[in-house]
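Asker: What follows is coords-v8.pdb, PDB, C-alpha atoms.
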```pdb
ATOM      1  CA  MET A   1       0.000   0.000   0.000
ATOM      2  CA  THR A   2       1.389   3.404  -0.992
ATOM      3  CA  ALA A   3       1.515   6.583   1.076
ATOM      4  CA  GLY A   4      -1.400   7.958  -0.934
ATOM      5  CA  ASP A   5      -3.467   4.852  -0.157
ATOM      6  CA  ASN A   6      -2.725   5.193   3.556
ATOM      7  CA  TRP A   7      -3.764   8.856   3.507
ATOM      8  CA  ARG A   8      -7.048   8.036   1.788
ATOM      9  CA  GLU A   9      -7.777   5.200   4.222
ATOM     10  CA  ARG A  10      -7.188   7.466   7.218
ATOM     11  CA  ARG A  11      -9.442  10.133   5.756
ATOM     12  CA  ARG A  12     -12.257   7.661   5.127
ATOM     13  CA  ALA A  13     -11.904   6.335   8.679
ATOM     14  CA  ILE A  14     -12.347   9.853  10.083
ATOM     15  CA  LEU A  15     -15.340  10.602   7.919
ATOM     16  CA  GLY A  16     -16.972   7.250   8.537
ATOM     17  CA  ASP A  17     -19.304   5.486   6.112
ATOM     18  CA  ASP A  18     -21.635   8.441   5.500
ATOM     19  CA  ALA A  19     -21.148   9.039   1.753
ATOM     20  CA  ASP A  20     -23.203  12.270   1.768
ATOM     21  CA  LEU A  21     -21.174  13.678   4.656
ATOM     22  CA  THR A  22     -17.958  12.668   2.899
ATOM     23  CA  THR A  23     -18.958  14.389  -0.337
ATOM     24  CA  ARG A  24     -20.080  17.596   1.478
ATOM     25  CA  LEU A  25     -16.918  17.876   3.535
ATOM     26  CA  LEU A  26     -14.686  17.248   0.526
ATOM     27  CA  ASP A  27     -16.529  19.946  -1.416
ATOM     28  CA  GLU A  28     -16.124  22.381   1.462
ATOM     29  CA  MET A  29     -12.425  21.570   1.684
ATOM     30  CA  GLY A  30     -12.007  22.080  -2.056
ATOM     31  CA  THR A  31     -10.393  18.666  -2.460
ATOM     32  CA  GLU A  32     -11.184  15.600  -4.491
ATOM     33  CA  GLU A  33     -10.242  11.971  -4.719
ATOM     34  CA  ARG A  34      -6.963  11.827  -6.598
ATOM     35  CA  ASP A  35      -4.563   8.975  -7.151
ATOM     36  CA  ASP A  36      -0.835   9.117  -6.520
ATOM     37  CA  GLU A  37       0.031   9.825 -10.151
ATOM     38  CA  GLU A  38      -2.236  12.886 -10.220
ATOM     39  CA  VAL A  39      -0.792  14.177  -6.959
ATOM     40  CA  GLU A  40       2.750  13.671  -8.264
ATOM     41  CA  ALA A  41       1.885  15.468 -11.525
ATOM     42  CA  GLU A  42       0.569  18.465  -9.557
ATOM     43  CA  HIS A  43       3.719  18.556  -7.437
ATOM     44  CA  ARG A  44       5.893  18.460 -10.569
ATOM     45  CA  THR A  45       3.924  21.285 -12.163
ATOM     46  CA  SER A  46       4.357  23.387  -9.022
ATOM     47  CA  ARG A  47       8.099  22.690  -8.912
ATOM     48  CA  LEU A  48       8.468  23.619 -12.568
ATOM     49  CA  ALA A  49       6.536  26.876 -12.088
ATOM     50  CA  ALA A  50       8.771  27.782  -9.145
ATOM     51  CA  ALA A  51      11.948  26.944 -11.071
ATOM     52  CA  ARG A  52      10.866  29.046 -14.042
ATOM     53  CA  GLU A  53      10.555  32.078 -11.796
ATOM     54  CA  TYR A  54      14.365  32.065 -11.786
ATOM     55  CA  GLU A  55      15.111  30.243 -15.064
ATOM     56  CA  PRO A  56      12.421  30.654 -17.769
ATOM     57  CA  GLN A  57      13.811  27.713 -19.767
ATOM     58  CA  ALA A  58      13.876  25.301 -16.811
ATOM     59  CA  ARG A  59      12.637  21.755 -17.435
ATOM     60  CA  LEU A  60      11.962  18.708 -15.336
ATOM     61  CA  ASP A  61      13.569  15.293 -15.637
ATOM     62  CA  GLU A  62      11.433  12.954 -17.711
ATOM     63  CA  GLU A  63      10.227   9.782 -16.022
ATOM     64  CA  LEU A  64       8.295   6.691 -17.044
ATOM     65  CA  GLN A  65       6.369   4.731 -14.432
ATOM     66  CA  LEU A  66       5.239   1.174 -15.186
ATOM     67  CA  ARG A  67       2.728  -0.446 -12.853
ATOM     68  CA  LEU A  68       2.267  -4.206 -13.244
ATOM     69  CA  THR A  69      -0.864  -5.902 -11.926
ATOM     70  CA  GLY A  70      -2.201  -9.421 -12.141
ATOM     71  CA  PRO A  71      -2.608 -12.644 -10.161
ATOM     72  CA  ASP A  72       1.155 -13.063  -9.734
ATOM     73  CA  THR A  73       1.749  -9.526  -8.461
ATOM     74  CA  GLU A  74      -0.175  -9.875  -5.202
ATOM     75  CA  GLY A  75       3.058 -10.575  -3.324
ATOM     76  CA  GLY A  76       4.298  -7.113  -4.267
ATOM     77  CA  ALA A  77       7.511  -8.298  -5.928
ATOM     78  CA  LEU A  78       9.070  -7.958  -9.355
ATOM     79  CA  ARG A  79      10.147 -11.273 -10.811
ATOM     80  CA  PHE A  80      13.448 -11.506 -12.674
ATOM     81  CA  GLN A  81      11.967 -13.279 -15.700
ATOM     82  CA  TRP A  82       9.668 -10.304 -16.254
ATOM     83  CA  GLY A  83      12.712  -8.073 -16.816
ATOM     84  CA  ASP A  84      13.759  -7.916 -20.475
ATOM     85  CA  ALA A  85      10.633  -9.837 -21.458
ATOM     86  CA  LEU A  86       8.596  -6.707 -20.606
ATOM     87  CA  LEU A  87      11.012  -3.777 -20.514
ATOM     88  CA  SER A  88      12.507  -4.458 -23.938
ATOM     89  CA  PRO A  89       9.083  -4.437 -25.703
ATOM     90  CA  VAL A  90       8.228  -1.176 -23.909
ATOM     91  CA  GLU A  91      11.471   0.381 -25.120
ATOM     92  CA  ASN A  92      10.885  -0.912 -28.647
ATOM     93  CA  ALA A  93       7.307   0.393 -28.778
ATOM     94  CA  LEU A  94       8.444   3.817 -27.547
ATOM     95  CA  SER A  95      11.232   3.919 -30.142
ATOM     96  CA  VAL A  96       8.873   3.055 -32.996
ATOM     97  CA  ALA A  97       6.378   5.657 -31.799
ATOM     98  CA  ALA A  98       9.146   8.284 -31.547
ATOM     99  CA  GLY A  99      10.510   7.434 -34.980
ATOM    100  CA  THR A 100      14.026   7.210 -33.550
ATOM    101  CA  PRO A 101      15.782   4.864 -31.107
ATOM    102  CA  VAL A 102      14.945   5.709 -27.496
ATOM    103  CA  GLN A 103      16.896   3.911 -24.775
ATOM    104  CA  LEU A 104      15.442   3.548 -21.299
ATOM    105  CA  GLU A 105      17.317   2.964 -18.079
ATOM    106  CA  LEU A 106      15.917   1.619 -14.820
ATOM    107  CA  THR A 107      15.985   4.139 -11.987
ATOM    108  CA  GLY A 108      14.085   2.316  -9.268
ATOM    109  CA  VAL A 109      11.438  -0.143  -8.120
ATOM    110  CA  SER A 110       8.954   0.768  -5.398
ATOM    111  CA  ALA A 111       9.468  -1.259  -2.258
ATOM    112  CA  GLY A 112       6.720  -3.789  -1.693
ATOM    113  CA  SER A 113       5.056  -3.156  -5.045
ATOM    114  CA  THR A 114       5.371  -3.846  -8.729
ATOM    115  CA  VAL A 115       5.970  -0.276  -9.884
ATOM    116  CA  VAL A 116       9.063   0.204 -12.037
ATOM    117  CA  TYR A 117      10.616   3.618 -12.671
ATOM    118  CA  ALA A 118      12.643   4.384 -15.787
ATOM    119  CA  ARG A 119      13.866   7.375 -17.769
ATOM    120  CA  PRO A 120      15.250   8.028 -21.251
ATOM    121  CA  VAL A 121      19.006   7.683 -21.499
ATOM    122  CA  ALA A 122      20.594  11.074 -22.094
ATOM    123  CA  THR A 123      22.654  10.850 -25.279
ATOM    124  CA  VAL A 124      24.610  14.061 -24.716
ATOM    125  CA  ALA A 125      25.031  15.792 -21.379
ATOM    126  CA  PRO A 126      23.831  19.407 -21.693
ATOM    127  CA  THR A 127      26.638  21.941 -21.279
ATOM    128  CA  GLU A 128      24.469  25.048 -21.374
ATOM    129  CA  PRO A 129      20.804  26.015 -21.026
ATOM    130  CA  PRO A 130      18.671  25.151 -24.074
ATOM    131  CA  ALA A 131      18.241  27.859 -26.667
ATOM    132  CA  MET A 132      15.044  29.853 -26.843
ATOM    133  CA  ASP A 133      14.041  28.043 -30.028
ATOM    134  CA  ALA A 134      14.822  24.560 -28.662
ATOM    135  CA  PRO A 135      12.027  22.027 -29.181
ATOM    136  CA  ALA A 136       9.549  21.956 -26.313
ATOM    137  CA  THR A 137       9.366  18.170 -26.224
ATOM    138  CA  SER A 138      11.874  15.348 -26.572
ATOM    139  CA  ALA A 139      11.657  12.400 -28.953
ATOM    140  CA  ALA A 140      10.668  10.202 -26.013
ATOM    141  CA  SER A 141       7.839  12.549 -25.067
ATOM    142  CA  THR A 142       6.595  12.715 -28.667
ATOM    143  CA  GLY A 143       6.693   8.930 -28.879
ATOM    144  CA  MET A 144       4.910   8.529 -25.561
ATOM    145  CA  TYR A 145       2.116  10.802 -26.775
ATOM    146  CA  ALA A 146       1.468   8.526 -29.781
ATOM    147  CA  LEU A 147       1.915   5.312 -27.797
ATOM    148  CA  THR A 148      -0.541   6.274 -25.053
ATOM    149  CA  LYS A 149      -3.079   7.352 -27.671
ATOM    150  CA  LEU A 150      -2.838   3.936 -29.324
ATOM    151  CA  LEU A 151      -3.119   2.023 -26.030
ATOM    152  CA  THR A 152      -6.175   4.073 -25.054
ATOM    153  CA  ALA A 153      -7.775   3.333 -28.430
ATOM    154  CA  LEU A 154      -7.120  -0.392 -27.972
ATOM    155  CA  GLU A 155      -8.664  -0.412 -24.511
ATOM    156  CA  SER A 156     -11.699   1.482 -25.865
ATOM    157  CA  GLU A 157     -11.902  -0.814 -28.924
ATOM    158  CA  GLU A 158     -11.697   2.165 -31.266
ATOM    159  CA  ASP A 159     -10.283   2.362 -34.797
ATOM    160  CA  ILE A 160      -6.474   2.262 -34.582
ATOM    161  CA  ARG A 161      -5.536   2.510 -38.270
ATOM    162  CA  GLU A 162      -4.134   5.974 -37.583
ATOM    163  CA  TRP A 163      -1.360   4.264 -35.619
ATOM    164  CA  ALA A 164      -0.926   1.229 -37.891
ATOM    165  CA  ARG A 165       2.856   1.683 -37.989
ATOM    166  CA  LEU A 166       2.999   1.100 -34.222
ATOM    167  CA  PHE A 167       0.833  -1.999 -34.193
ATOM    168  CA  ASP A 168       3.581  -4.615 -34.495
ATOM    169  CA  SER A 169       5.570  -3.149 -31.603
ATOM    170  CA  VAL A 170       2.473  -3.014 -29.377
ATOM    171  CA  ASP A 171       1.623  -6.546 -30.476
ATOM    172  CA  GLY A 172       5.005  -7.648 -29.101
ATOM    173  CA  LEU A 173       4.280  -5.874 -25.818
ATOM    174  CA  ALA A 174       0.822  -7.463 -25.594
ATOM    175  CA  ARG A 175       2.285 -10.942 -26.175
ATOM    176  CA  ALA A 176       4.868 -10.406 -23.423
ATOM    177  CA  LEU A 177       2.195  -9.295 -20.950
ATOM    178  CA  GLY A 178      -0.063 -12.182 -21.910
ATOM    179  CA  LYS A 179       2.740 -14.690 -21.363
ATOM    180  CA  TYR A 180       2.856 -13.773 -17.671
ATOM    181  CA  GLY A 181      -0.810 -12.809 -17.244
ATOM    182  CA  LEU A 182       0.034  -9.192 -16.454
ATOM    183  CA  ASN A 183      -1.685  -5.869 -16.996
ATOM    184  CA  LEU A 184       0.351  -2.741 -17.567
ATOM    185  CA  GLY A 185      -0.339   0.772 -16.344
ATOM    186  CA  MET A 186       1.915   3.363 -17.954
ATOM    187  CA  THR A 187       2.429   6.923 -16.667
ATOM    188  CA  TRP A 188       4.718   9.419 -18.367
ATOM    189  CA  TYR A 189       5.927  12.574 -16.666
ATOM    190  CA  GLY A 190       7.198  15.048 -19.260
ATOM    191  CA  ALA A 191       9.849  17.729 -19.030
ATOM    192  CA  ASP A 192       7.157  20.396 -19.377
ATOM    193  CA  GLY A 193       5.298  19.171 -16.282
ATOM    194  CA  GLY A 194       2.641  17.332 -18.267
ATOM    195  CA  MET A 195       1.459  13.791 -17.575
ATOM    196  CA  ARG A 196       0.129  11.109 -19.909
ATOM    197  CA  ARG A 197      -1.353   7.780 -18.852
ATOM    198  CA  ALA A 198      -2.558   4.630 -20.555
ATOM    199  CA  ARG A 199      -3.188   0.961 -19.803
ATOM    200  CA  LEU A 200      -2.848  -2.330 -21.618
ATOM    201  CA  THR A 201      -5.062  -4.836 -19.827
ATOM    202  CA  GLU A 202      -6.553  -8.178 -20.776
ATOM    203  CA  ARG A 203      -9.238  -6.319 -22.704
ATOM    204  CA  GLY A 204      -6.633  -4.478 -24.767
ATOM    205  CA  ARG A 205      -4.678  -7.691 -25.341
ATOM    206  CA  ARG A 206      -7.802  -9.422 -26.642
ATOM    207  CA  ARG A 207      -8.322  -6.474 -28.991
ATOM    208  CA  VAL A 208      -4.761  -6.814 -30.279
ATOM    209  CA  GLU A 209      -5.272 -10.545 -30.816
ATOM    210  CA  HIS A 210      -8.481  -9.903 -32.760
ATOM    211  CA  LEU A 211      -6.820  -7.279 -34.956
ATOM    212  CA  ARG A 212      -3.970  -9.698 -35.631
ATOM    213  CA  GLU A 213      -6.323 -12.150 -37.382
ATOM    214  CA  THR A 214      -5.916 -12.155 -41.157
ATOM    215  CA  ARG A 215      -8.205 -12.496 -44.155
ATOM    216  CA  PRO A 216      -7.153 -13.288 -47.749
ATOM    217  CA  ARG A 217      -7.491 -10.835 -50.616
ATOM    218  CA  ASP A 218      -6.987 -12.186 -54.148
ATOM    219  CA  GLN A 219      -6.389 -10.590 -57.504
ATOM    220  CA  GLU A 220      -5.153 -11.875 -60.840
ATOM    221  CA  ILE A 221      -1.996 -10.298 -62.273
ATOM    222  CA  THR A 222       0.578 -11.009 -64.974
ATOM    223  CA  ILE A 223       4.255 -11.470 -64.184
ATOM    224  CA  SER A 224       6.690 -11.176 -67.085
ATOM    225  CA  GLY A 225      10.420 -11.672 -66.779
ATOM    226  CA  ARG A 226      13.219 -14.201 -66.920
ATOM    227  CA  ILE A 227      13.703 -17.285 -64.786
ATOM    228  CA  THR A 228      16.572 -16.970 -62.306
ATOM    229  CA  GLU A 229      15.848 -19.999 -60.098
ATOM    230  CA  LEU A 230      14.039 -23.339 -60.442
ATOM    231  CA  ARG A 231      13.025 -25.917 -57.842
ATOM    232  CA  GLU A 232      11.573 -29.350 -58.507
ATOM    233  CA  SER A 233       9.080 -28.839 -55.694
ATOM    234  CA  GLY A 234       7.230 -26.414 -57.947
ATOM    235  CA  TRP A 235       8.811 -22.998 -57.343
ATOM    236  CA  VAL A 236      10.099 -20.575 -59.971
ATOM    237  CA  LYS A 237      11.766 -17.237 -59.321
ATOM    238  CA  VAL A 238      10.970 -14.683 -62.017
ATOM    239  CA  LYS A 239      12.956 -11.450 -62.207
ATOM    240  CA  THR A 240      11.077  -8.690 -63.994
ATOM    241  CA  GLY A 241      14.049  -6.659 -65.213
ATOM    242  CA  THR A 242      17.754  -6.790 -65.967
ATOM    243  CA  ALA A 243      18.759  -4.301 -63.277
ATOM    244  CA  LYS A 244      20.197  -5.714 -60.059
ATOM    245  CA  ASN A 245      17.395  -4.194 -57.993
ATOM    246  CA  ALA A 246      14.579  -5.276 -60.348
ATOM    247  CA  PRO A 247      11.647  -6.938 -58.519
ATOM    248  CA  ALA A 248      11.673 -10.746 -58.359
ATOM    249  CA  TYR A 249       8.732 -12.994 -57.522
ATOM    250  CA  ASP A 250       8.546 -16.576 -56.219
ATOM    251  CA  VAL A 251       5.759 -18.232 -58.217
ATOM    252  CA  HIS A 252       4.340 -21.475 -56.853
ATOM    253  CA  PHE A 253       2.978 -24.272 -59.045
ATOM    254  CA  GLU A 254       0.357 -26.209 -57.092
ATOM    255  CA  GLU A 255       1.027 -29.145 -59.458
ATOM    256  CA  PRO A 256       4.811 -29.459 -59.847
ATOM    257  CA  GLU A 257       4.297 -31.810 -62.807
ATOM    258  CA  LYS A 258       2.845 -28.903 -64.771
ATOM    259  CA  LEU A 259       6.098 -27.019 -64.285
ATOM    260  CA  LEU A 260       8.153 -30.036 -65.394
ATOM    261  CA  ARG A 261       6.084 -30.410 -68.576
ATOM    262  CA  MET A 262       6.907 -26.805 -69.498
ATOM    263  CA  ARG A 263      10.631 -27.719 -69.532
ATOM    264  CA  PRO A 264      11.741 -24.245 -68.476
ATOM    265  CA  GLY A 265      15.384 -23.236 -68.301
ATOM    266  CA  LEU A 266      17.343 -20.601 -66.416
ATOM    267  CA  GLY A 267      17.291 -17.320 -68.307
ATOM    268  CA  ASP A 268      14.099 -18.141 -70.226
ATOM    269  CA  ASN A 269      11.627 -15.310 -70.704
ATOM    270  CA  VAL A 270       8.182 -16.218 -69.351
ATOM    271  CA  HIS A 271       4.765 -14.597 -69.067
ATOM    272  CA  PHE A 272       2.746 -16.043 -66.185
ATOM    273  CA  ARG A 273      -0.832 -15.373 -65.208
ATOM    274  CA  VAL A 274      -0.835 -15.701 -61.391
ATOM    275  CA  ARG A 275      -3.123 -15.348 -58.406
ATOM    276  CA  PHE A 276      -1.703 -12.693 -56.113
ATOM    277  CA  ARG A 277      -2.967 -13.408 -52.593
ATOM    278  CA  GLN A 278      -2.365 -11.109 -49.644
ATOM    279  CA  HIS A 279      -3.213 -12.030 -46.059
ATOM    280  CA  LEU A 280      -4.258  -8.750 -44.447
ATOM    281  CA  ASP A 281      -4.884  -8.193 -40.762
ATOM    282  CA  SER A 282      -7.661  -5.956 -39.493
ATOM    283  CA  VAL A 283      -5.308  -2.971 -39.388
ATOM    284  CA  GLY A 284      -4.619  -3.341 -43.115
ATOM    285  CA  ILE A 285      -1.082  -4.724 -42.799
ATOM    286  CA  ALA A 286      -0.121  -7.460 -45.273
ATOM    287  CA  ARG A 287       1.193 -10.341 -43.167
ATOM    288  CA  SER A 288       2.066 -12.605 -46.114
ATOM    289  CA  THR A 289       1.861 -12.707 -49.901
ATOM    290  CA  GLU A 290       1.605 -15.624 -52.325
ATOM    291  CA  TYR A 291       1.955 -15.886 -56.092
ATOM    292  CA  THR A 292       0.293 -19.007 -57.525
ATOM    293  CA  TYR A 293       0.571 -19.998 -61.189
ATOM    294  CA  LEU A 294      -2.753 -20.026 -63.056
ATOM    295  CA  GLY A 295      -1.642 -20.353 -66.666
ATOM    296  CA  PRO A 296       0.320 -18.741 -69.488
ATOM    297  CA  ALA A 297      -0.267 -15.092 -70.291
ATOM    298  CA  ALA A 298      -0.157 -13.354 -73.648
ATOM    299  CA  GLU A 299       3.296 -12.608 -75.019
ATOM    300  CA  GLN A 300       4.768  -9.340 -73.819
ATOM    301  CA  PRO A 301       7.379  -7.112 -75.551
ATOM    302  CA  PRO A 302      11.000  -8.182 -74.894
ATOM    303  CA  LEU A 303      12.602  -6.877 -71.709
ATOM    304  CA  PRO A 304      14.481  -3.609 -72.322
ATOM    305  CA  LEU A 305      18.252  -3.921 -72.232
ATOM    306  CA  GLU A 306      20.289  -1.743 -69.937
ATOM    307  CA  SER A 307      22.010   1.118 -71.710
TER     308      SER A 307
END
```
Could you express the structure from this file as structure tokens?

Answerer:
Amino acid sequence: MTAGDNWRERRRAILGDDADLTTRLLDEMGTEERDDEEVEAEHRTSRLAAAREYEPQARLDEELQLRLTGPDTEGGALRFQWGDALLSPVENALSVAAGTPVQLELTGVSAGSTVVYARPVATVAPTEPPAMDAPATSAASTGMYALTKLLTALESEEDIREWARLFDSVDGLARALGKYGLNLGMTWYGADGGMRRARLTERGRRRVEHLRETRPRDQEITISGRITELRESGWVKVKTGTAKNAPAYDVHFEEPEKLLRMRPGLGDNVHFRVRFRQHLDSVGIARSTEYTYLGPAAEQPPLPLES
């Protein structure tokens, strides 16, 4: 139990079980029920305001708080096997959201609880106050803004296609939490005194799992090029140009005997009619692609030679 929990318990004991009396007295006192994170955010804002009275460009140290809950956290201890299995996916998700690598370092673990404290690793130690036109937020803070928005959307089962590029990294985090049956509460304290919070619970993990499911989408296309690889199992690699970086496609023959009857050779020009199948997840990400031979296509003009 935290200090904030003890304070709330003592206050409830004084007020008794009369809910109306409790509400009236709290209103008269001008206070409200706040959790520890909200109290800490208010304290940080006050400290920043005081510091800026003397140094207008003053900033606070950034901090990330991770609260783990679940059946195995009741003992109030952090298990070693949860270490990299959870912290590395958090770091990866933050880096993807920031669009640049963000390294985190552990700064503490609350005694008797499963709250982990971390902060971004400073790449260069500041030698002078930031310039007036210095960016107001760090890469980590920008990434945390996007990441918490995505986690909130997952928990609310809202459309997340806006953050499709982050989905794979959050999927990795959800798998790690699911492996140990844990829920994650994430609180970010920014350098500007702001706070952002989000959760990834069992509900959010189920949402991620649902979005991960794929559906096929087929279309018929023509692939023209020269054969660069043959396999008796029914696979042909067709390169569509003479340049080194020209696209190449692995075309599968469902009946390998059909390929053998064609008697193809390396370097032969071919024109294949194929079924192009994509397996798309619910976010719109193509998880796999297949090219299956359907039959010969009409002759195409010869491949242009490199000048």

Asker: What's the separation between CA of Arg199 (chain A) and CA of Glu105 (chain A), in Å to one decimal place?

Answerer: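 CA of Glu105 (chain A) lies at a distance of 20.7 Å from CA of Arg199 (chain A).
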
Asker: When the PyMOL selection byres ((chain A and resi 219) around 12) is applied to the structure above, which residues does it catch, written out as a PyMOL selection string?

Answerer: chain A and resi 216-218+220-222+273-279+289-292+294

Asker: From the list A:Ala176, A:Ala297, A:Arg231, A:Tyr189, which residue is nearest Ser88 (chain A) when using all atoms listed in the file?

Answerer: A:Ala176

Asker: I would like the residues chosen by the PyMOL selection byres ((chain A and resi 168) around 10) on the shown file; could you give them as a count of residues only?

Answerer: 15

Asker: If I take CA of Val251 (chain A) and CA of Arg215 (chain A), how far is one from the other in Å, to one decimal?

Answerer: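 Answer for the CA of Val251 (chain A) to CA of Arg215 (chain A) separation: 20.6 Å.
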
Asker: Kindly indicate which residue among A:Leu66, A:Leu200, A:Leu266, A:Ala246 lies nearest to Thr107 (chain A), using all atoms listed in the file for the distances.

Answerer: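 With all atoms listed in the file as the atom set, the closest residue is A:Leu66.
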
Asker: CA of Leu182 (chain A) and CA of Thr73 (chain A), how far apart in Å?

Answerer: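 So the two atoms, CA of Thr73 (chain A) and CA of Leu182 (chain A), lie 8.2 Å apart.
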
Asker: Please write as a list of chain:residue names the full residue list that the PyMOL selection byres ((chain A and resi 181) around 8) yields on this file.

Answerer: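 With the PyMOL selection byres ((chain A and resi 181) around 8) on this model, the match is A:Gly70, A:Pro71, A:Asp72, A:Leu177, A:Gly178, A:Lys179, A:Tyr180, A:Leu182, A:Asn183.
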
Asker: Tell me, as a list in words, which residues lie within 10 Å of Leu78 (chain A), counting all atoms listed in the file; anything in the same chain fewer than 5 positions away does not count.

Answerer: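 What passes the distance filter is Leu68, Asp72, Thr73, Gly83, Val109, Ser110, Ala111, Gly112, Ser113, Thr114, Val115 and Val116 of chain A.
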
Asker: Residues at most 6 Å from region 191-198 of chain A, counting all atoms listed in the file, excluding those fewer than 6 positions away in the same chain, as a PyMOL selection string?

Answerer: chain A and resi 44-45+59-62+148+152

Asker: Give me the residues near Pro120 (chain A) as a list in words, where near means some atom within 10 Å (using all atoms listed in the file) and where sequence neighbours in that chain fewer than 4 positions away do not count.

Answerer: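 Contacts, with the query itself left out: Asp61, Glu62, Glu63, Leu64, Glu91, Val102, Gln103, Leu104, Glu105, Leu106, Ser138, Ala139, Ala140 and Ser141 of chain A.
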